[in-house]
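*Asks:* start28.txt is reproduced in full below (compact mmCIF, C-alpha atoms).
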# COMPACT_ATOMS: atom_id res chain seq x y z
CA MET A 19 -132.05 103.70 -26.63
CA LEU A 20 -128.81 101.78 -26.96
CA SER A 21 -128.13 99.64 -30.02
CA LYS A 22 -128.63 95.89 -29.80
CA GLU A 23 -124.91 95.26 -30.20
CA LEU A 24 -123.97 97.66 -27.41
CA ILE A 25 -126.56 96.12 -25.08
CA ALA A 26 -125.21 92.64 -25.84
CA ALA A 27 -121.63 93.77 -25.13
CA SER A 28 -122.45 95.62 -21.92
CA THR A 29 -124.89 93.24 -20.22
CA LYS A 30 -122.26 91.01 -18.61
CA PRO A 31 -120.29 93.83 -16.91
CA LEU A 32 -123.56 95.52 -15.92
CA VAL A 33 -124.93 92.35 -14.31
CA LEU A 34 -121.63 91.78 -12.49
CA SER A 35 -121.57 95.41 -11.32
CA ILE A 36 -125.15 95.28 -9.96
CA LEU A 37 -124.43 91.98 -8.21
CA THR A 38 -121.42 93.48 -6.40
CA ARG A 39 -124.00 95.62 -4.52
CA GLY A 40 -125.72 92.45 -3.27
CA GLU A 41 -127.55 89.34 -4.42
CA SER A 42 -130.53 89.77 -6.71
CA TYR A 43 -132.90 87.89 -9.02
CA GLY A 44 -133.69 88.24 -12.72
CA TYR A 45 -136.79 90.41 -12.49
CA ALA A 46 -135.21 92.76 -9.95
CA LEU A 47 -132.07 93.02 -12.11
CA SER A 48 -134.07 94.08 -15.16
CA LEU A 49 -136.03 96.67 -13.13
CA GLU A 50 -132.82 97.97 -11.56
CA ILE A 51 -131.05 98.48 -14.89
CA LYS A 52 -134.11 100.24 -16.31
CA ARG A 53 -134.17 102.57 -13.31
CA LEU A 54 -130.40 103.23 -13.30
CA SER A 55 -130.32 103.92 -17.04
CA GLY A 56 -133.34 106.23 -16.86
CA GLY A 57 -135.29 103.84 -19.10
CA GLN A 58 -132.55 103.80 -21.76
CA ILE A 59 -131.73 100.12 -21.30
CA GLU A 60 -134.37 97.40 -21.24
CA TRP A 61 -133.20 93.82 -21.08
CA SER A 62 -135.39 91.24 -22.75
CA GLU A 63 -136.02 88.03 -20.83
CA GLY A 64 -134.83 85.98 -23.80
CA MET A 65 -131.45 87.71 -23.51
CA LEU A 66 -131.09 88.12 -19.73
CA TYR A 67 -131.92 84.62 -18.44
CA PRO A 68 -129.77 82.61 -20.89
CA LEU A 69 -126.92 85.02 -20.09
CA LEU A 70 -127.36 84.55 -16.32
CA HIS A 71 -127.28 80.77 -16.78
CA ARG A 72 -124.21 80.97 -19.01
CA MET A 73 -122.43 83.21 -16.47
CA GLU A 74 -123.26 80.60 -13.83
CA ASP A 75 -121.77 77.87 -16.02
CA GLU A 76 -118.68 80.02 -16.40
CA ALA A 77 -118.55 80.17 -12.55
CA LEU A 78 -118.72 83.99 -12.52
CA ILE A 79 -121.90 83.97 -10.42
CA GLU A 80 -123.76 81.39 -8.36
CA SER A 81 -127.46 80.97 -7.73
CA PHE A 82 -129.80 79.70 -5.04
CA TRP A 83 -133.55 79.55 -4.49
CA GLN A 84 -134.82 81.60 -1.60
CA GLU A 85 -138.18 82.82 -0.39
CA GLY A 86 -138.60 86.45 -1.30
CA LEU A 87 -141.23 89.10 -0.63
CA GLY A 88 -144.80 87.84 -0.89
CA GLY A 89 -143.79 84.32 0.18
CA ARG A 90 -142.78 83.22 -3.33
CA ASP A 91 -139.47 81.52 -4.05
CA ARG A 92 -137.08 83.34 -6.30
CA LYS A 93 -133.83 82.32 -7.87
CA TYR A 94 -131.19 84.68 -6.56
CA TYR A 95 -127.78 85.23 -8.07
CA ARG A 96 -124.63 86.35 -6.30
CA ILE A 97 -121.19 87.23 -7.63
CA VAL A 98 -118.27 84.93 -6.76
CA ARG A 99 -114.51 85.53 -6.73
CA ALA A 100 -113.96 84.71 -10.42
CA GLY A 101 -116.80 87.10 -11.26
CA LYS A 102 -115.11 89.92 -9.33
CA ARG A 103 -111.87 89.24 -11.24
CA ALA A 104 -113.75 89.24 -14.56
CA LEU A 105 -115.39 92.54 -13.57
CA GLN A 106 -111.93 94.10 -13.00
CA THR A 107 -110.94 93.13 -16.55
CA HIS A 108 -114.20 94.57 -17.90
CA LYS A 109 -113.58 97.79 -15.94
CA GLN A 110 -110.09 98.21 -17.42
CA GLN A 111 -111.34 97.58 -20.95
CA TRP A 112 -114.35 99.90 -20.72
CA THR A 113 -112.32 102.64 -19.02
CA MET A 114 -109.66 102.39 -21.71
CA LEU A 115 -112.32 102.59 -24.44
CA ASN A 116 -114.07 105.48 -22.67
CA ASN A 117 -110.79 107.43 -22.32
CA LEU A 118 -109.89 106.75 -25.92
CA LEU A 119 -113.23 108.00 -27.23
CA ASN A 120 -113.11 111.04 -24.93
CA ASN A 121 -109.64 111.90 -26.21
CA LEU A 122 -110.73 111.51 -29.81
CA TRP A 123 -113.84 113.63 -29.39
CA ASN A 124 -112.38 116.25 -27.09
CA PRO A 125 -108.72 116.44 -28.08
CA ILE A 126 -106.45 118.10 -25.55
CA PRO A 127 -104.70 121.08 -27.22
CA ASN A 128 -101.28 119.93 -28.34
CA SER A 129 -98.69 121.12 -25.86
CA ASN A 130 -95.79 120.61 -28.32
CA MET B 23 -174.26 85.77 -26.48
CA GLU B 24 -172.33 83.14 -24.52
CA PRO B 25 -171.11 84.26 -21.11
CA HIS B 26 -167.40 85.05 -21.11
CA PRO B 27 -165.55 82.33 -19.13
CA LYS B 28 -164.03 83.69 -15.94
CA PHE B 29 -160.28 84.24 -16.22
CA GLU B 30 -158.29 82.11 -13.80
CA LEU B 31 -154.72 83.36 -13.44
CA ASN B 32 -153.23 80.10 -12.11
CA GLU B 33 -154.77 78.13 -14.97
CA ALA B 34 -153.51 80.64 -17.52
CA VAL B 35 -149.99 80.48 -16.04
CA ALA B 36 -150.17 76.64 -16.02
CA GLY B 37 -151.10 76.74 -19.74
CA TRP B 38 -148.17 79.02 -20.44
CA ARG B 39 -145.86 76.71 -18.47
CA ASN B 40 -147.09 73.72 -20.48
CA ALA B 41 -146.30 75.61 -23.68
CA LEU B 42 -142.78 76.19 -22.34
CA ALA B 43 -142.43 72.52 -21.37
CA SER B 44 -143.60 71.37 -24.79
CA THR B 45 -140.57 73.03 -26.39
CA GLY B 46 -138.63 70.16 -24.77
CA SER B 47 -135.48 72.17 -24.30
CA LEU B 48 -136.00 73.97 -21.01
CA SER B 49 -135.13 72.46 -17.63
CA PHE B 50 -137.45 72.53 -14.59
CA ASP B 51 -135.17 75.11 -13.07
CA ILE B 52 -135.34 77.51 -16.01
CA MET B 53 -139.11 77.10 -16.42
CA ARG B 54 -139.68 77.82 -12.78
CA GLU B 55 -137.44 80.89 -12.90
CA LEU B 56 -139.28 82.22 -15.96
CA GLU B 57 -142.63 81.56 -14.28
CA GLU B 58 -141.57 83.56 -11.22
CA HIS B 59 -140.52 86.37 -13.54
CA LEU B 60 -143.92 86.26 -15.27
CA ARG B 61 -145.76 86.32 -11.93
CA ASP B 62 -143.63 89.28 -10.73
CA SER B 63 -144.38 91.08 -13.94
CA ILE B 64 -148.14 90.37 -13.62
CA SER B 65 -148.21 91.54 -9.98
CA ARG B 66 -146.58 94.80 -11.00
CA LEU B 67 -148.86 95.27 -13.97
CA THR B 68 -152.09 94.59 -12.06
CA ALA B 69 -151.45 97.80 -10.15
CA ALA B 70 -152.02 99.72 -13.39
CA GLU B 71 -154.06 97.35 -15.57
CA PRO B 72 -157.80 96.94 -14.97
CA THR B 73 -157.87 93.13 -15.07
CA GLU B 74 -155.57 90.21 -14.32
CA GLU B 75 -156.28 88.86 -17.80
CA GLU B 76 -154.88 91.97 -19.48
CA ALA B 77 -151.88 91.97 -17.16
CA PHE B 78 -151.26 88.31 -18.05
CA LEU B 79 -151.47 89.00 -21.79
CA ILE B 80 -149.08 91.95 -21.58
CA ALA B 81 -146.63 90.06 -19.35
CA THR B 82 -146.53 86.97 -21.59
CA ARG B 83 -146.01 89.17 -24.65
CA ARG B 84 -143.09 90.89 -22.94
CA VAL B 85 -141.46 87.62 -21.89
CA GLY B 86 -141.62 86.42 -25.48
CA SER B 87 -142.93 83.30 -27.19
CA PRO B 88 -141.98 79.92 -25.67
CA ALA B 89 -140.32 78.90 -28.94
CA ALA B 90 -138.15 82.04 -28.99
CA LEU B 91 -137.19 81.63 -25.33
CA ALA B 92 -136.29 77.98 -25.89
CA ALA B 93 -134.17 78.93 -28.92
CA GLU B 94 -132.24 81.51 -26.85
CA PHE B 95 -131.55 78.96 -24.11
CA ARG B 96 -130.48 76.31 -26.63
CA ARG B 97 -127.98 78.78 -28.03
CA ALA B 98 -126.67 79.72 -24.58
CA LYS B 99 -126.70 76.28 -22.93
CA PRO B 100 -126.50 73.50 -25.49
CA TYR B 101 -125.64 70.85 -22.86
CA GLY B 102 -127.29 72.14 -19.70
CA VAL B 103 -130.78 70.84 -20.42
CA TRP B 104 -129.66 67.29 -21.06
CA VAL B 105 -127.61 67.14 -17.90
CA ASN B 106 -130.65 68.34 -15.92
CA TRP B 107 -132.98 65.82 -17.50
CA ALA B 108 -130.51 62.99 -17.04
CA THR B 109 -130.13 63.92 -13.37
CA ALA B 110 -133.91 64.03 -12.91
CA VAL B 111 -134.35 60.62 -14.54
CA LEU B 112 -131.54 59.07 -12.51
CA LEU B 113 -132.93 60.50 -9.27
CA GLY B 114 -136.36 59.07 -10.19
CA VAL B 115 -134.85 55.66 -10.92
CA GLN B 116 -132.98 55.85 -7.64
CA ALA B 117 -136.16 56.69 -5.71
CA ALA B 118 -137.92 53.69 -7.30
CA ASN B 119 -134.87 51.53 -6.52
CA PHE B 120 -135.06 52.47 -2.82
CA LEU B 121 -138.70 51.60 -2.51
CA LEU B 122 -138.47 48.40 -4.53
CA GLN B 123 -135.99 47.13 -1.93
CA LEU B 124 -139.00 47.00 0.37
CA VAL B 125 -141.00 44.67 -1.89
CA PRO B 126 -139.42 41.40 -0.69
CA VAL B 127 -139.78 42.67 2.89
CA ALA B 128 -143.50 43.38 2.34
CA ALA B 129 -143.97 40.01 0.61
CA ALA B 130 -142.21 38.20 3.48
CA LEU B 131 -144.29 39.98 6.14
CA LEU B 132 -147.46 39.20 4.18
CA GLN B 133 -146.50 35.55 3.96
CA VAL B 134 -145.91 35.40 7.71
CA ALA B 135 -149.30 37.04 8.33
CA VAL B 136 -151.05 34.56 6.00
CA LEU B 137 -149.30 31.58 7.61
CA ARG B 138 -150.45 32.67 11.07
CA LEU B 139 -154.06 32.48 9.93
CA LEU B 140 -153.68 28.93 8.61
CA THR B 141 -153.53 25.60 10.44
CA PRO B 142 -150.18 23.77 10.13
CA ILE B 143 -151.60 21.40 7.49
CA GLN B 144 -153.03 24.25 5.45
CA ALA B 145 -149.75 26.14 5.82
CA GLY B 146 -147.83 23.14 4.51
CA ARG B 147 -150.12 22.95 1.48
CA PHE B 148 -149.86 26.71 0.99
CA LEU B 149 -146.07 26.64 0.92
CA HIS B 150 -145.52 23.44 -1.03
CA GLN B 151 -148.05 23.56 -3.80
CA PRO B 152 -146.38 23.85 -7.23
CA PHE B 153 -147.54 27.44 -7.79
CA SER B 154 -147.35 29.09 -4.38
CA PRO B 155 -149.25 32.38 -4.12
CA MET B 156 -145.92 33.94 -3.13
CA MET B 157 -144.63 33.27 -6.63
CA TRP B 158 -147.06 35.72 -8.17
CA LEU B 159 -147.48 37.99 -5.17
CA SER B 160 -144.02 39.57 -5.45
CA PRO B 161 -144.31 40.61 -9.12
CA LEU B 162 -147.79 41.92 -8.38
CA LEU B 163 -146.43 44.01 -5.50
CA TYR B 164 -143.67 45.35 -7.77
CA VAL B 165 -146.21 46.47 -10.36
CA LEU B 166 -148.50 47.99 -7.72
CA ILE B 167 -145.69 49.92 -6.02
CA VAL B 168 -144.28 51.25 -9.31
CA GLN B 169 -147.77 52.26 -10.45
CA LEU B 170 -148.52 53.95 -7.13
CA LEU B 171 -145.17 55.78 -7.16
CA LEU B 172 -145.59 57.00 -10.71
CA SER B 173 -149.11 58.35 -10.21
CA LEU B 174 -148.17 59.90 -6.86
CA CYS B 175 -145.06 61.60 -8.28
CA TRP B 176 -146.93 62.84 -11.33
CA ARG B 177 -149.71 64.30 -9.21
CA MET B 178 -147.27 65.97 -6.81
CA VAL B 179 -145.17 67.46 -9.59
CA ARG B 180 -148.26 68.68 -11.46
CA ASN B 181 -149.74 70.30 -8.35
CA ARG B 182 -146.34 71.66 -7.37
CA ASP B 183 -146.59 70.03 -3.93
CA ILE B 184 -143.00 69.04 -4.40
CA ASP B 185 -140.51 71.19 -6.13
CA VAL B 186 -138.29 69.11 -8.36
CA ALA B 187 -136.30 72.11 -9.55
CA ALA B 188 -135.47 73.24 -6.02
CA TRP B 189 -134.49 69.70 -5.01
CA LEU B 190 -132.26 69.28 -8.02
CA PHE B 191 -130.76 72.64 -7.37
CA LYS B 192 -129.99 71.90 -3.73
CA ALA B 193 -128.61 68.48 -4.71
CA ARG B 194 -126.33 70.12 -7.26
CA GLN B 195 -125.09 72.67 -4.75
CA HIS B 196 -124.22 69.92 -2.23
CA PRO B 197 -123.16 66.94 -4.37
CA TRP B 198 -121.18 65.14 -1.66
CA LYS B 199 -123.87 65.49 1.00
CA THR B 200 -126.40 64.17 -1.55
CA GLY B 201 -124.06 61.31 -2.36
CA VAL B 202 -123.60 60.28 1.27
CA LEU B 203 -127.37 60.46 1.81
CA LEU B 204 -128.14 58.37 -1.28
CA VAL B 205 -125.50 55.74 -0.56
CA GLY B 206 -126.56 55.62 3.10
CA LEU B 207 -130.23 55.17 2.22
CA SER B 208 -129.46 52.63 -0.47
CA PHE B 209 -127.19 50.58 1.79
CA GLY B 210 -129.58 50.94 4.75
CA LEU B 211 -132.55 49.63 2.78
CA TYR B 212 -130.44 46.80 1.41
CA LEU B 213 -129.51 45.80 4.98
CA VAL B 214 -133.14 46.02 6.14
CA ARG B 215 -134.10 43.70 3.31
CA ILE B 216 -131.42 41.10 3.99
CA VAL B 217 -131.92 41.15 7.77
CA THR B 218 -135.71 40.82 7.49
CA GLN B 219 -135.37 37.92 5.07
CA LEU B 220 -132.88 36.17 7.37
CA VAL B 221 -134.96 36.78 10.53
CA LEU B 222 -138.14 35.53 8.86
CA GLY B 223 -136.32 32.48 7.53
CA GLN B 224 -137.01 33.31 3.93
CA PRO B 225 -135.18 31.37 1.21
CA HIS B 226 -131.69 32.86 0.95
CA PHE B 227 -129.82 33.83 -2.13
CA PRO B 228 -128.48 30.71 -3.83
CA PHE B 229 -124.77 31.47 -3.56
CA TRP B 230 -122.61 34.19 -2.02
CA PRO B 231 -121.51 36.22 -5.13
CA ILE B 232 -125.10 37.34 -5.48
CA TYR B 233 -124.68 39.29 -2.20
CA VAL B 234 -121.69 41.11 -3.67
CA TYR B 235 -123.62 41.85 -6.85
CA ALA B 236 -126.67 43.08 -4.93
CA PHE B 237 -124.52 45.32 -2.73
CA ALA B 238 -122.62 46.75 -5.71
CA SER B 239 -125.86 47.41 -7.59
CA SER B 240 -127.24 49.28 -4.57
CA LEU B 241 -124.21 51.61 -4.81
CA TYR B 242 -124.05 51.95 -8.57
CA LEU B 243 -126.98 54.33 -9.04
CA PRO B 244 -126.18 56.71 -6.16
CA LEU B 245 -122.58 56.96 -7.34
CA THR B 246 -123.72 57.71 -10.90
CA VAL B 247 -125.97 60.48 -9.56
CA VAL B 248 -123.09 61.92 -7.52
CA TRP B 249 -120.84 61.87 -10.56
CA LEU B 250 -123.49 63.66 -12.63
CA LEU B 251 -124.09 66.27 -9.95
CA HIS B 252 -120.44 66.88 -9.27
CA ARG B 253 -119.40 67.13 -12.87
CA ARG B 254 -119.17 70.71 -14.07
CA LEU B 255 -121.20 71.57 -17.14
CA PRO B 256 -119.09 71.81 -20.28
CA GLN B 257 -117.80 75.31 -20.83
CA ARG B 258 -118.55 77.08 -24.02
CA ALA B 259 -115.66 78.60 -25.90
CA GLY B 260 -115.47 82.38 -25.89
Any chance you could put this one into structure tokens?
*Replies:*
Amino acid sequence: MLSKELIAASTKPLVLSILTRGESYGYALSLEIKRLSGGQIEWSEGMLYPLLHRMEDEALIESFWQEGLGGRDRKYYRIVRAGKRALQTHKQQWTMLNNLLNNLWNPIPNSN
Amino acid sequence: MEPHPKFELNEAVAGWRNALASTGSLSFDIMRELEEHLRDSISRLTAAEPTEEEAFLIATRRVGSPAALAAEFRRAKPYGVWVNWATAVLLGVQAANFLLQLVPVAAALLQVAVLRLLTPIQAGRFLHQPFSPMMWLSPLLYVLIVQLLLSLCWRMVRNRDIDVAAWLFKARQHPWKTGVLLVGLSFGLYLVRIVTQLVLGQPHFPFWPIYVYAFASSLYLPLTVVWLLHRRLPQRAG
């Protein structure tokens, strides 16, 4: 399982990344991340929903109510242009961090 | 041993929703979203759990206590809830304002109906006695209409016949359409009232500035609602 701090830091780029595949709602997002992470990441509702609402306030995503399967209305979220831009920034930062850690843990033999 | 009361899922969910509402810091929209999450979770769990009651207990435990959820939302959206409540209250006031425009129309129509039943002499007495029934009929109609509206709205919201959250949400997504609709309705009802009063020969307003005031007041509330809906929520730093 990931640490609480790492989950908190990664939720925003993860939500944005899942939403680039198509619109989705809170419950489906939490199931999707559990499936994709092989059960390693479980988002609590008390963390996920306030974050979704904050991201909406920040105009990274937008939401709308729509009838889903089973005839019940669900609140769907979709990524908007500012969200896609924010995701690019997240991608650069996480890639840089990933490369840095990889280099530190698996140093390339010095060619000098 | 007393028989175990039968578990009713909708009642249990309503109780849970009331607990959420009693925290006083969650909007209709958020509560409804959390309820849909809970119901999704219960549907999924009932496939594996023997009873709905157990599925409900597990699902509510997973979602977390209402107090904890409310605290998380307060941290994330310190202003959002108040804007939602203010919008709901203003929309309610606006709805009442629309319908109250019809009170003088109803009172005038009633007076015409009563006068038709009376002989001219009786009608003269009816209209010219010091305390005409019309003097107390209008306030009575106001009270009745407000009372009827309040109980009707409360019942509809409680039974979820109308969906306040979805309405608010749609209104917020289309602030200018909502504004045009509100102003149109407000102005339309105002016109209906004035025209009916003129046609029926009702006593007119004493002097012309009152028309300007009445027209401006019929626009004030819709414009306030539009401003509230159009205004972006304050951004949090960081």
*Asks:* What lies within 10 Å of Trp38 of chain B using all atoms listed in the file, ignoring chain neighbours under 2 positions off, as a list in words?
*Replies:*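 Neighbouring residues, sequence-local ones excluded: Asn32, Glu33, Ala34, Val35, Ala36, Asn40, Ala41, Leu42, Ala43, Ser44, Glu57, Leu60, Thr82, Ser87 and Pro88 of chain B.
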*Asks:* Report, in Å to a single decimal, how far apart atom CA of Ser63 of chain B and atom CA of Ile51 of chain A are.
*Replies:*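 Going from atom CA of Ile51 of chain A over to atom CA of Ser63 of chain B covers 15.3 Å.
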*Asks:* Could you check how far atom CA of Ser55 of chain A sits from atom CA of Asp91 of chain A, in Å to one decimal?
*Replies:*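 Between atom CA of Ser55 of chain A and atom CA of Asp91 of chain A the gap is 27.5 Å.
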*Asks:* Could you tell me which of B:Ala89, B:Leu203, B:Leu174, B:Ile143 comes closest to chain A if we count all atoms listed in the file?
*Replies:*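 Nearest to chain A: B:Ala89.
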*Asks:* Of the candidates A:Lys93, A:Lys109, A:Lys102, A:Arg72, which shows the shortest atom-to-atom distance to Leu34 of chain A, using only C-alpha atoms?
*Replies:*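 Of A:Lys93, A:Lys109, A:Lys102, A:Arg72, the one nearest Leu34 of chain A is A:Lys102, counting only C-alpha atoms.
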*Asks:* Using only C-alpha atoms and a distance of at most 12 Å, pull out the residues of chain A that contact chain B, as a ChimeraX atom specification.
*Replies:* /A:43-49,60-77,80-95
*Asks:* Counting all atoms listed in the file, which residues have an atom no more than 12 Å from (-156.8, 90.4, -18.7) in the file's coordinates? Please list them as a ChimeraX atom specification.
*Replies:* /B:27-31,34,64,67-68,70-82
*Asks:* Rank A:Ile59, A:Pro127, A:Ile97, A:Pro31 by their smallest atom-to-atom distance to Trp112 of chain A, using only C-alpha atoms, and report the top residue only.
*Replies:*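 Result for the nearest residue to Trp112 of chain A: A:Pro31.
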*Asks:* What does the distance from atom CA of Val127 of chain B to atom CA of Thr200 of chain B come to in Å, to one decimal?
*Replies:*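 Separation of atom CA of Val127 of chain B and atom CA of Thr200 of chain B: 25.7 Å.
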